[in-house]
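Colleague: What follows is final_25.tsv, made up of TSV, C-alpha atoms:
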```tsv
chain	number	residue	atom	x	y	z
K	1	MET	CA	26.10	155.17	62.62
K	2	THR	CA	26.52	153.27	65.90
K	3	ARG	CA	29.83	151.77	64.74
K	4	ALA	CA	31.11	155.17	63.68
K	5	LEU	CA	30.20	156.68	67.04
K	6	ALA	CA	31.97	153.87	68.85
K	7	LEU	CA	35.13	154.43	66.80
K	8	LEU	CA	34.95	158.16	67.54
K	9	VAL	CA	34.66	157.51	71.28
K	10	LEU	CA	37.65	155.16	71.25
K	11	ALA	CA	39.74	157.71	69.39
K	12	ALA	CA	38.78	160.61	71.61
K	13	GLY	CA	39.79	158.91	74.85
K	14	PRO	CA	38.36	158.50	78.37
K	15	LEU	CA	37.06	162.04	78.82
K	16	VAL	CA	34.68	161.86	75.86
K	17	LEU	CA	33.71	158.33	76.82
K	18	SER	CA	32.74	159.60	80.28
K	19	VAL	CA	30.66	162.45	78.90
K	20	ILE	CA	28.76	160.22	76.45
K	21	ALA	CA	28.09	157.71	79.20
K	22	THR	CA	26.66	160.51	81.31
K	23	ARG	CA	24.43	161.68	78.48
K	24	ASP	CA	23.16	158.15	77.97
K	25	ALA	CA	22.22	158.08	81.65
K	26	GLY	CA	19.83	160.95	81.03
K	27	ALA	CA	21.94	163.89	82.23
K	28	THR	CA	21.74	167.32	80.63
K	29	THR	CA	24.03	167.91	77.65
K	30	PRO	CA	27.22	169.61	78.96
K	31	PRO	CA	27.62	173.25	77.94
K	32	TYR	CA	31.32	172.67	77.22
K	33	VAL	CA	34.21	170.39	78.06
K	34	ASP	CA	37.57	172.08	78.61
K	35	SER	CA	40.40	170.66	76.54
K	36	SER	CA	42.26	169.75	79.71
K	37	ILE	CA	40.19	169.81	82.91
K	38	ALA	CA	36.73	168.25	82.76
K	39	ASP	CA	34.74	171.35	83.79
K	40	TRP	CA	31.51	169.52	83.00
K	41	PHE	CA	31.99	167.16	85.94
K	42	ILE	CA	32.77	170.08	88.25
K	43	LEU	CA	29.70	172.09	87.24
K	44	SER	CA	27.06	169.42	86.70
K	45	GLU	CA	24.46	169.50	89.48
K	46	THR	CA	23.46	165.88	88.84
K	47	THR	CA	26.81	164.15	88.32
K	48	ARG	CA	29.13	162.50	90.81
K	49	PRO	CA	32.03	160.99	88.86
K	50	ASP	CA	32.75	157.47	90.11
K	51	THR	CA	36.52	157.88	89.72
K	52	LEU	CA	38.88	160.76	90.40
K	53	GLN	CA	40.46	160.31	86.97
K	54	LYS	CA	37.31	161.51	85.19
K	55	PHE	CA	37.96	165.06	86.37
K	56	ASN	CA	41.20	164.99	84.36
K	57	PHE	CA	43.06	166.92	87.07
K	58	PHE	CA	46.23	164.88	86.60
K	59	ILE	CA	48.39	163.82	83.69
K	60	ASP	CA	48.72	160.28	85.08
K	61	ALA	CA	46.07	157.97	86.52
K	62	ALA	CA	48.06	157.68	89.75
K	63	ALA	CA	47.62	161.46	90.36
K	64	ARG	CA	51.32	162.09	90.89
K	65	ARG	CA	51.62	164.62	88.04
K	66	PRO	CA	49.12	167.52	88.27
K	67	LYS	CA	47.98	169.33	85.14
K	68	PRO	CA	49.50	172.82	84.68
K	69	GLU	CA	46.09	174.35	85.44
K	70	LEU	CA	46.27	173.13	89.05
K	71	ILE	CA	47.69	175.45	91.70
K	72	ALA	CA	49.71	173.59	94.32
K	73	TYR	CA	49.62	175.16	97.77
K	74	GLU	CA	50.46	174.54	101.40
K	75	LEU	CA	49.07	175.95	104.64
K	76	ASN	CA	51.14	177.65	107.31
K	77	THR	CA	49.40	175.57	109.97
K	78	PRO	CA	47.71	172.52	108.44
K	79	LEU	CA	44.87	170.38	109.72
K	80	TRP	CA	46.28	167.38	111.58
K	81	SER	CA	45.05	164.02	110.30
K	82	ASP	CA	46.93	161.24	112.09
K	83	GLY	CA	50.21	162.59	110.71
K	84	ALA	CA	49.18	162.19	107.06
K	85	ASP	CA	50.96	164.20	104.41
K	86	LYS	CA	48.65	166.35	102.28
K	87	LEU	CA	48.96	167.21	98.61
K	88	ARG	CA	46.75	170.25	97.99
K	89	TYR	CA	45.65	171.80	94.72
K	90	ILE	CA	43.21	174.45	93.52
K	91	TYR	CA	41.71	174.59	90.06
K	92	VAL	CA	40.18	177.88	88.91
K	93	PRO	CA	38.47	177.84	85.48
K	94	LYS	CA	39.89	179.94	82.69
K	95	GLY	CA	38.70	183.55	82.77
K	96	LYS	CA	37.68	183.41	86.45
K	97	VAL	CA	39.52	184.92	89.43
K	98	ILE	CA	39.65	184.39	93.18
K	99	GLU	CA	38.64	187.33	95.37
K	100	ALA	CA	40.25	188.06	98.73
K	101	ASN	CA	38.09	188.67	101.78
K	102	GLY	CA	40.51	190.48	104.05
K	103	ASP	CA	42.70	187.89	105.74
K	104	GLY	CA	39.86	185.34	105.82
K	105	LEU	CA	38.68	182.59	103.52
K	106	LEU	CA	39.39	183.26	99.86
K	107	GLN	CA	36.25	183.63	97.74
K	108	PHE	CA	36.40	181.14	94.87
K	109	PRO	CA	34.37	181.49	91.66
K	110	VAL	CA	31.85	178.92	90.47
K	111	GLY	CA	33.71	176.17	88.63
K	112	THR	CA	36.52	175.98	91.20
K	113	ALA	CA	37.75	172.62	92.48
K	114	ILE	CA	39.83	172.14	95.63
K	115	ILE	CA	41.66	168.81	95.71
K	116	LYS	CA	43.39	167.29	98.74
K	117	THR	CA	45.12	163.90	98.80
K	118	PHE	CA	46.04	162.19	102.08
K	119	ALA	CA	49.22	160.09	101.97
K	120	PHE	CA	51.39	158.07	104.33
K	121	GLY	CA	55.02	157.07	103.84
K	122	GLU	CA	57.91	158.71	102.05
K	123	GLY	CA	59.57	158.42	98.66
K	124	GLU	CA	58.78	155.22	96.80
K	125	GLU	CA	57.04	153.90	99.91
K	126	GLN	CA	54.46	156.70	99.93
K	127	ARG	CA	50.90	155.49	99.50
K	128	PHE	CA	47.82	157.57	98.71
K	129	ILE	CA	44.88	156.73	100.99
K	130	GLU	CA	42.14	159.10	99.88
K	131	THR	CA	41.51	162.23	97.86
K	132	ARG	CA	38.80	164.69	98.89
K	133	VAL	CA	37.36	167.03	96.29
K	134	LEU	CA	35.35	170.21	96.89
K	135	LEU	CA	33.44	171.41	93.83
K	136	HIS	CA	31.93	174.88	93.55
K	137	ARG	CA	28.72	174.57	91.57
K	138	GLU	CA	25.99	177.12	90.92
K	139	SER	CA	24.02	175.68	93.85
K	140	GLY	CA	26.99	175.81	96.22
K	141	TRP	CA	29.87	173.60	97.29
K	142	VAL	CA	29.77	169.81	97.05
K	143	ALA	CA	32.21	167.50	98.89
K	144	LEU	CA	33.14	164.12	97.40
K	145	PRO	CA	35.54	161.53	98.95
K	146	TYR	CA	37.60	159.14	96.78
K	147	ARG	CA	39.49	156.07	98.05
K	148	TRP	CA	42.68	154.79	96.42
K	149	ASN	CA	43.00	151.11	95.58
K	150	GLU	CA	45.82	148.86	96.78
K	151	GLU	CA	47.53	149.07	93.40
K	152	GLN	CA	47.60	152.90	93.63
K	153	THR	CA	46.18	153.13	90.12
K	154	GLU	CA	42.67	154.42	90.77
K	155	ALA	CA	40.63	156.37	93.33
K	156	ARG	CA	36.93	155.53	93.42
K	157	LEU	CA	34.05	157.50	94.88
K	158	VAL	CA	33.06	156.26	98.36
K	159	LEU	CA	29.98	158.17	99.46
K	160	ALA	CA	29.68	155.85	102.46
K	161	GLY	CA	33.28	156.46	103.52
K	162	GLY	CA	35.43	153.61	104.76
K	163	ARG	CA	37.98	152.25	107.18
K	164	LEU	CA	41.44	150.78	106.71
K	165	ASP	CA	44.21	149.69	109.02
K	166	LEU	CA	47.51	151.52	108.77
K	167	THR	CA	50.50	152.64	110.81
K	168	THR	CA	51.02	156.35	111.42
K	169	PRO	CA	54.41	158.10	111.08
K	170	ALA	CA	54.61	157.89	114.89
K	171	GLY	CA	54.45	154.09	114.63
K	172	GLU	CA	50.91	153.78	115.99
K	173	ALA	CA	48.58	151.20	114.44
K	174	ILE	CA	45.17	152.77	113.82
K	175	SER	CA	41.90	152.22	112.01
K	176	TYR	CA	41.97	155.18	109.65
K	177	ARG	CA	38.58	156.64	108.75
K	178	ILE	CA	37.67	158.03	105.35
K	179	PRO	CA	34.67	160.29	106.01
K	180	ASN	CA	31.38	159.70	104.31
K	181	LYS	CA	29.71	162.47	102.37
K	182	ASN	CA	27.64	163.65	105.36
K	183	GLN	CA	30.69	163.70	107.62
K	184	CYS	CA	32.42	165.93	105.09
K	185	LYS	CA	29.55	168.36	105.59
K	186	THR	CA	29.97	168.22	109.37
K	187	CYS	CA	33.31	170.01	109.21
K	188	HIS	CA	32.76	171.99	106.00
K	189	SER	CA	29.53	173.59	107.15
K	190	LYS	CA	28.75	177.09	108.32
K	191	ASP	CA	25.22	178.46	108.60
K	192	ASP	CA	24.05	175.18	107.00
K	193	ALA	CA	26.11	175.76	103.84
K	194	VAL	CA	29.13	173.72	102.73
K	195	ILE	CA	32.28	175.86	102.43
K	196	PRO	CA	36.05	175.36	102.21
K	197	ILE	CA	37.85	175.72	105.54
K	198	GLY	CA	41.57	175.64	104.74
K	199	PRO	CA	42.64	178.34	102.24
K	200	LYS	CA	42.37	181.50	104.32
K	201	ALA	CA	44.66	184.37	103.36
K	202	ARG	CA	46.11	184.50	106.88
K	203	ASN	CA	47.11	180.82	106.62
K	204	LEU	CA	48.80	181.10	103.22
K	205	SER	CA	52.27	182.41	102.46
K	206	PRO	CA	52.54	186.00	101.19
K	207	ALA	CA	54.66	184.66	98.31
K	208	LEU	CA	51.83	182.41	97.13
K	209	LEU	CA	49.24	185.20	97.35
K	210	ALA	CA	51.53	187.56	95.43
K	211	ARG	CA	52.16	184.92	92.75
K	212	LEU	CA	48.45	184.21	92.31
K	213	ALA	CA	47.82	187.93	91.91
K	214	SER	CA	50.63	188.34	89.39
K	215	GLU	CA	49.31	185.38	87.37
K	216	GLY	CA	45.80	186.81	87.29
K	217	LYS	CA	44.28	184.05	89.43
K	218	LEU	CA	43.72	186.34	92.44
K	219	ALA	CA	42.17	189.76	91.90
K	220	ALA	CA	44.56	191.37	94.40
K	221	ALA	CA	46.83	190.10	97.15
K	222	PRO	CA	45.31	191.09	100.51
K	223	ASP	CA	47.21	192.91	103.23
K	224	VAL	CA	47.39	190.30	105.99
K	225	ILE	CA	48.09	192.05	109.30
K	226	ARG	CA	48.18	188.95	111.53
K	227	PRO	CA	49.41	185.94	109.54
K	228	MET	CA	49.18	182.56	111.19
K	229	PRO	CA	52.57	181.01	112.05
K	230	GLU	CA	54.13	178.05	110.34
K	231	TRP	CA	53.47	175.03	112.53
K	232	HIS	CA	57.08	173.82	112.35
K	233	ASP	CA	58.58	177.22	113.21
K	234	ALA	CA	60.27	176.73	116.59
K	235	ASP	CA	60.59	180.50	117.00
K	236	ALA	CA	56.91	181.28	116.40
K	237	GLY	CA	55.97	181.36	120.09
K	238	THR	CA	53.69	179.05	122.03
K	239	ALA	CA	50.59	181.24	122.10
K	240	PRO	CA	50.48	181.91	118.34
K	241	LEU	CA	51.04	178.21	117.59
K	242	ALA	CA	48.29	177.15	120.01
K	243	ARG	CA	45.84	179.70	118.62
K	244	ALA	CA	46.64	178.74	115.01
K	245	TYR	CA	46.14	175.06	115.80
K	246	LEU	CA	42.75	175.71	117.36
K	247	ASP	CA	41.69	177.84	114.40
K	248	VAL	CA	42.60	175.15	111.88
K	249	ASN	CA	41.54	172.02	113.77
K	250	CYS	CA	38.62	173.20	115.89
K	251	ALA	CA	37.19	176.56	114.79
K	252	HIS	CA	35.30	175.25	111.76
K	253	CYS	CA	32.82	173.88	114.31
K	254	HIS	CA	33.53	176.12	117.30
K	255	GLN	CA	32.51	179.50	115.88
K	256	PRO	CA	29.24	181.36	115.31
K	257	GLY	CA	27.33	179.46	112.65
K	258	GLY	CA	29.51	176.37	113.03
K	259	GLY	CA	28.33	172.89	113.92
K	260	ALA	CA	29.26	173.34	117.59
K	261	SER	CA	28.26	176.99	117.98
K	262	ASN	CA	25.96	175.97	120.85
K	263	SER	CA	29.08	175.30	122.95
K	264	GLY	CA	29.64	179.04	123.17
K	265	LEU	CA	33.31	178.58	122.26
K	266	ASP	CA	34.77	180.68	119.47
K	267	LEU	CA	38.22	179.33	118.62
K	268	ARG	CA	38.90	181.41	115.52
K	269	TRP	CA	42.27	183.11	115.09
K	270	GLU	CA	40.69	186.56	115.10
K	271	GLN	CA	38.86	186.04	118.40
K	272	ASP	CA	40.59	187.98	121.21
K	273	ASP	CA	38.08	187.55	124.06
K	274	PRO	CA	39.62	185.05	126.54
K	275	PHE	CA	36.20	183.93	127.75
K	276	ALA	CA	35.04	183.14	124.19
K	277	LEU	CA	38.23	181.10	123.79
K	278	GLY	CA	37.24	179.09	126.86
K	279	VAL	CA	39.28	180.72	129.62
K	280	ASN	CA	37.35	180.17	132.87
K	281	LYS	CA	34.30	179.29	130.78
K	282	HIS	CA	31.99	176.59	132.13
K	283	PRO	CA	30.77	174.09	129.51
K	284	VAL	CA	27.24	174.37	128.18
K	285	ALA	CA	26.66	170.64	127.76
K	286	ALA	CA	29.90	168.65	127.76
K	287	GLY	CA	28.52	165.73	129.81
K	288	ARG	CA	31.12	163.05	130.45
K	289	GLY	CA	33.30	164.85	127.91
K	290	ALA	CA	34.17	167.30	130.68
K	291	GLY	CA	35.97	164.57	132.61
K	292	GLY	CA	34.85	166.13	135.88
K	293	HIS	CA	36.59	169.40	135.04
K	294	LEU	CA	34.79	172.69	135.50
K	295	VAL	CA	36.08	174.99	132.75
K	296	SER	CA	37.27	174.69	129.16
K	297	ILE	CA	40.60	176.35	129.97
K	298	ALA	CA	41.81	176.71	133.55
K	299	PRO	CA	44.58	179.34	133.42
K	300	GLY	CA	47.86	177.95	134.68
K	301	ASP	CA	46.38	174.46	135.13
K	302	PRO	CA	46.25	172.37	131.94
K	303	ASP	CA	45.27	169.22	133.85
K	304	ALA	CA	42.07	170.95	134.98
K	305	SER	CA	41.20	172.11	131.45
K	306	ILE	CA	38.44	170.39	129.48
K	307	LEU	CA	39.97	171.47	126.17
K	308	LEU	CA	43.23	169.62	126.82
K	309	TYR	CA	41.43	166.64	128.39
K	310	ARG	CA	39.38	166.10	125.22
K	311	MET	CA	42.28	166.66	122.83
K	312	ASP	CA	44.30	164.07	124.78
K	313	SER	CA	41.66	161.35	124.46
K	314	ASN	CA	40.72	158.83	121.77
K	315	GLU	CA	37.57	157.69	123.53
K	316	PRO	CA	34.34	158.22	121.54
K	317	GLY	CA	32.19	160.88	123.17
K	318	ILE	CA	35.25	162.50	124.74
K	319	ALA	CA	37.79	162.92	121.93
K	320	MET	CA	37.96	166.25	120.18
K	321	PRO	CA	37.94	166.81	117.30
K	322	GLU	CA	35.30	164.11	116.89
K	323	LEU	CA	36.16	163.52	113.22
K	324	GLY	CA	39.35	163.53	111.21
K	325	ARG	CA	41.65	161.66	113.57
K	326	SER	CA	42.10	158.21	115.12
K	327	SER	CA	45.19	159.06	117.16
K	328	ILE	CA	46.43	161.85	119.40
K	329	ASP	CA	48.62	164.71	118.16
K	330	ARG	CA	51.35	164.66	120.80
K	331	LYS	CA	53.05	167.82	119.56
K	332	ALA	CA	49.76	169.73	119.77
K	333	ILE	CA	49.16	168.44	123.29
K	334	ALA	CA	52.60	169.71	124.35
K	335	VAL	CA	51.97	173.12	122.77
K	336	MET	CA	48.54	173.45	124.41
K	337	ARG	CA	49.90	172.39	127.77
K	338	GLU	CA	52.67	174.98	127.63
K	339	TRP	CA	50.23	177.67	126.47
K	340	ILE	CA	47.79	177.05	129.31
K	341	GLU	CA	50.56	176.72	131.91
K	342	GLY	CA	51.81	180.17	130.90
K	343	MET	CA	48.46	181.86	131.55
K	344	ASP	CA	48.05	183.95	134.68
K	345	ARG	CA	45.83	182.20	137.21
```
Represent the structure of the file as structure tokens.
Modeller:
Amino acid sequence: MTRALALLVLAAGPLVLSVIATRDAGATTPPYVDSSIADWFILSETTRPDTLQKFNFFIDAAARRPKPELIAYELNTPLWSDGADKLRYIYVPKGKVIEANGDGLLQFPVGTAIIKTFAFGEGEEQRFIETRVLLHRESGWVALPYRWNEEQTEARLVLAGGRLDLTTPAGEAISYRIPNKNQCKTCHSKDDAVIPIGPKARNLSPALLARLASEGKLAAAPDVIRPMPEWHDADAGTAPLARAYLDVNCAHCHQPGGGASNSGLDLRWEQDDPFALGVNKHPVAAGRGAGGHLVSIAPGDPDASILLYRMDSNEPGIAMPELGRSSIDRKAIAVMREWIEGMDR
């Protein structure tokens, strides 16, 4: 009996092997395993797969060839992470659909997985550094970080995060940080619940939303009145680019219910109150992070603005955002400077 089971496992491949190993560890018997994507690992409340490959998201172990069930997407204005390229995918289980919530964050059904790989280099020189996975389980969202090995053949779970030396596209040598599981929660948290922060309807192309609706993955394409600009669009205008950047890179913490809501700043795209955005607003408790400046944004005077001072620093306790970068986004600094300079004093 044991020999027959072993032969069956070898014939069935790595997915079945993973499931049997999980059962042997005392986990609950999986309700089903999809023929392609390993839904069991997405849904199980007690399982944290030790390798990315066990989810079966990709045809190849190197994760260069996504399964047809994955939806590739890009953001109009992406989160900046030391200049890393991002490969983004969404998996929605068969028979489930995404619901729109106006122009805000899409509402994903239980069983959804959001996958994001961070890479540096181009062409054959491109190297994957980490892949972050958000899993929507019955109890809520779970964030898991995976680190790629030197051989680029496997990504392993690193709950404690990690560091590695690399050179950014700008030629700057940095100590790149892979966040630990708790740091993932720091950014992906609102009202003490883990949530996605990237795929908002206003930050996705109308073509993608229409395609998802036509394919039955999105219940209906929302009518987005104020879409966020594409970050590389030179004709987008300074103010929209600055506001979009703050929404994507800062507002997950600086909004009501966010991790930095006590600052009183609300940097969301939909916020139109200048004071809530920091204009002539004195800090609540910035400490040395204020750099001796008096207000978050001093209209017409970027050098007197705390917001720009903190964005233009790498010093711990001053740098903002606190997580997700080890270098300074020079393009963003230039955009913010021009935006603030153009404000009426």
Colleague: Find the distance between atom CA of K:Pro321 and atom CA of K:Ile225 and write it in Å to one decimal.
Modeller: 28.4 Å
Colleague: For atom CA of K:Asp312 and atom CA of K:Arg345, determine how far apart the two atoms are, in Å to one decimal place.
Modeller: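 Atom CA of K:Arg345 lies 22.0 Å from atom CA of K:Asp312.
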Colleague: Between K:Leu105, K:Ala234, K:Ile328, K:Leu277, which one has atoms that come closest to K:Pro222, using all atoms listed in the file?
Modeller: K:Leu105
Colleague: What's the 7 Å shell around stretch 61-63 of chain K, counting only C-alpha atoms, without same-chain residues fewer than 4 positions away, as an MDAnalysis selection string?
Modeller: chainID K and resid 53 152:154
Colleague: Could you tell me which of K:Gly257, K:Gly292, K:Pro206, K:Pro229 comes closest to K:Tyr245 if we count only C-alpha atoms?
Modeller: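 Smallest distance to K:Tyr245 is found for K:Pro229.
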Colleague: In Å, with one decimal, what is the gap from atom CA of K:Arg310 to atom CA of K:Gly289?
Modeller: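 Distance reported for this atom pair: 6.8 Å.
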Colleague: List every protein, DNA or RNA residue that has at least one atom no more than 10 Å from (54.3, 165.8, 94.3) in the file's coordinates, counting only C-alpha atoms, and write the result as a PDB file with C-alpha atoms, keeping the file's coordinate frame.
Modeller:
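Below is the file that was written, result_36.pdb:
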```pdb
ATOM      1  CA  ALA K  63      47.620 161.460  90.360  1.00  0.00           C
ATOM      2  CA  ARG K  64      51.320 162.090  90.890  1.00  0.00           C
ATOM      3  CA  ARG K  65      51.620 164.620  88.040  1.00  0.00           C
ATOM      4  CA  PRO K  66      49.120 167.520  88.270  1.00  0.00           C
ATOM      5  CA  ALA K  72      49.710 173.590  94.320  1.00  0.00           C
ATOM      6  CA  LYS K  86      48.650 166.350 102.280  1.00  0.00           C
ATOM      7  CA  LEU K  87      48.960 167.210  98.610  1.00  0.00           C
ATOM      8  CA  ARG K  88      46.750 170.250  97.990  1.00  0.00           C
TER       9      ARG K  88
END
```
Colleague: Could you check which of K:Asn249, K:Thr131, K:Thr46, K:Asn56 is closest to K:Arg156, using all atoms listed in the file?
Modeller: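 Using all atoms listed in the file, the shortest distance to K:Arg156 belongs to K:Thr131.
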Colleague: Have a look at K:Val295, K:Val133, K:Val279, K:Ile306 and name the one nearest to K:Asp344; count all atoms listed in the file.
Modeller: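 Selected residue with least distance to K:Asp344: K:Val279.
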Colleague: Hey, which of K:Asp82, K:Trp269, K:Arg137, K:Ile114 ends up closest to K:Ala173? Count all atoms listed in the file.
Modeller: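 The closest residue to K:Ala173 is K:Asp82.
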Colleague: Determine the nearest neighbour of K:Met228 from the options K:Leu75, K:Ile129, K:Ala119, K:Ile59, counting all atoms listed in the file.
Modeller: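 Of K:Leu75, K:Ile129, K:Ala119, K:Ile59, the one nearest K:Met228 is K:Leu75, counting all atoms listed in the file.
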Colleague: Starting from the sparse input, extend stretch 86-115 of chain K to N, CA and C atoms and give the output as a compact mmCIF listing (two decimals), in the frame of the given file.
Modeller:
```txt
# COMPACT_ATOMS: atom_id res chain seq x y z
N LYS K 86 49.74 165.86 103.14
CA LYS K 86 48.65 166.35 102.28
C LYS K 86 49.24 166.94 100.99
N LEU K 87 48.63 166.60 99.89
CA LEU K 87 48.96 167.21 98.61
C LEU K 87 47.74 168.03 98.21
N ARG K 88 47.89 169.35 98.18
CA ARG K 88 46.75 170.25 97.99
C ARG K 88 46.85 170.98 96.66
N TYR K 89 45.70 171.09 95.99
CA TYR K 89 45.65 171.80 94.72
C TYR K 89 44.34 172.57 94.61
N ILE K 90 44.40 173.67 93.86
CA ILE K 90 43.21 174.45 93.52
C ILE K 90 43.13 174.57 92.01
N TYR K 91 41.95 174.35 91.48
CA TYR K 91 41.71 174.59 90.06
C TYR K 91 40.69 175.73 89.92
N VAL K 92 41.08 176.76 89.19
CA VAL K 92 40.18 177.88 88.91
C VAL K 92 39.96 177.91 87.39
N PRO K 93 38.71 177.89 86.93
CA PRO K 93 38.47 177.84 85.48
C PRO K 93 39.01 179.07 84.75
N LYS K 94 39.34 178.87 83.51
CA LYS K 94 39.89 179.94 82.69
C LYS K 94 38.93 181.13 82.64
N GLY K 95 39.50 182.33 82.82
CA GLY K 95 38.70 183.55 82.77
C GLY K 95 38.08 183.94 84.09
N LYS K 96 38.23 183.11 85.13
CA LYS K 96 37.68 183.41 86.45
C LYS K 96 38.81 183.77 87.41
N VAL K 97 38.50 184.53 88.46
CA VAL K 97 39.52 184.92 89.43
C VAL K 97 39.00 184.71 90.86
N ILE K 98 39.94 184.50 91.76
CA ILE K 98 39.65 184.39 93.18
C ILE K 98 39.62 185.80 93.77
N GLU K 99 38.71 186.05 94.68
CA GLU K 99 38.64 187.33 95.37
C GLU K 99 39.08 187.14 96.82
N ALA K 100 39.85 188.09 97.33
CA ALA K 100 40.25 188.06 98.73
C ALA K 100 39.15 188.65 99.60
N ASN K 101 39.06 188.16 100.81
CA ASN K 101 38.09 188.67 101.78
C ASN K 101 38.86 189.04 103.05
N GLY K 102 39.63 190.13 102.95
CA GLY K 102 40.51 190.48 104.05
C GLY K 102 41.53 189.38 104.24
N ASP K 103 41.75 188.98 105.50
CA ASP K 103 42.70 187.89 105.74
C ASP K 103 41.97 186.56 105.93
N GLY K 104 40.65 186.54 105.62
CA GLY K 104 39.86 185.34 105.82
C GLY K 104 39.85 184.41 104.62
N LEU K 105 38.81 183.59 104.56
CA LEU K 105 38.68 182.59 103.52
C LEU K 105 38.62 183.24 102.14
N LEU K 106 39.44 182.76 101.23
CA LEU K 106 39.39 183.26 99.86
C LEU K 106 38.04 182.93 99.25
N GLN K 107 37.55 183.81 98.38
CA GLN K 107 36.25 183.63 97.74
C GLN K 107 36.49 183.09 96.33
N PHE K 108 36.11 181.83 96.12
CA PHE K 108 36.40 181.14 94.87
C PHE K 108 35.21 181.21 93.92
N PRO K 109 35.47 181.40 92.63
CA PRO K 109 34.37 181.49 91.66
C PRO K 109 33.74 180.12 91.40
N VAL K 110 32.51 180.15 90.89
CA VAL K 110 31.85 178.92 90.47
C VAL K 110 32.72 178.24 89.42
N GLY K 111 32.85 176.92 89.53
CA GLY K 111 33.71 176.17 88.63
C GLY K 111 35.03 175.79 89.26
N THR K 112 35.28 176.30 90.48
CA THR K 112 36.52 175.98 91.20
C THR K 112 36.45 174.56 91.74
N ALA K 113 37.61 173.91 91.80
CA ALA K 113 37.75 172.62 92.48
C ALA K 113 38.93 172.71 93.43
N ILE K 114 38.75 172.22 94.64
CA ILE K 114 39.83 172.14 95.63
C ILE K 114 40.09 170.66 95.89
N ILE K 115 41.32 170.23 95.67
CA ILE K 115 41.66 168.81 95.71
C ILE K 115 42.69 168.58 96.81
```
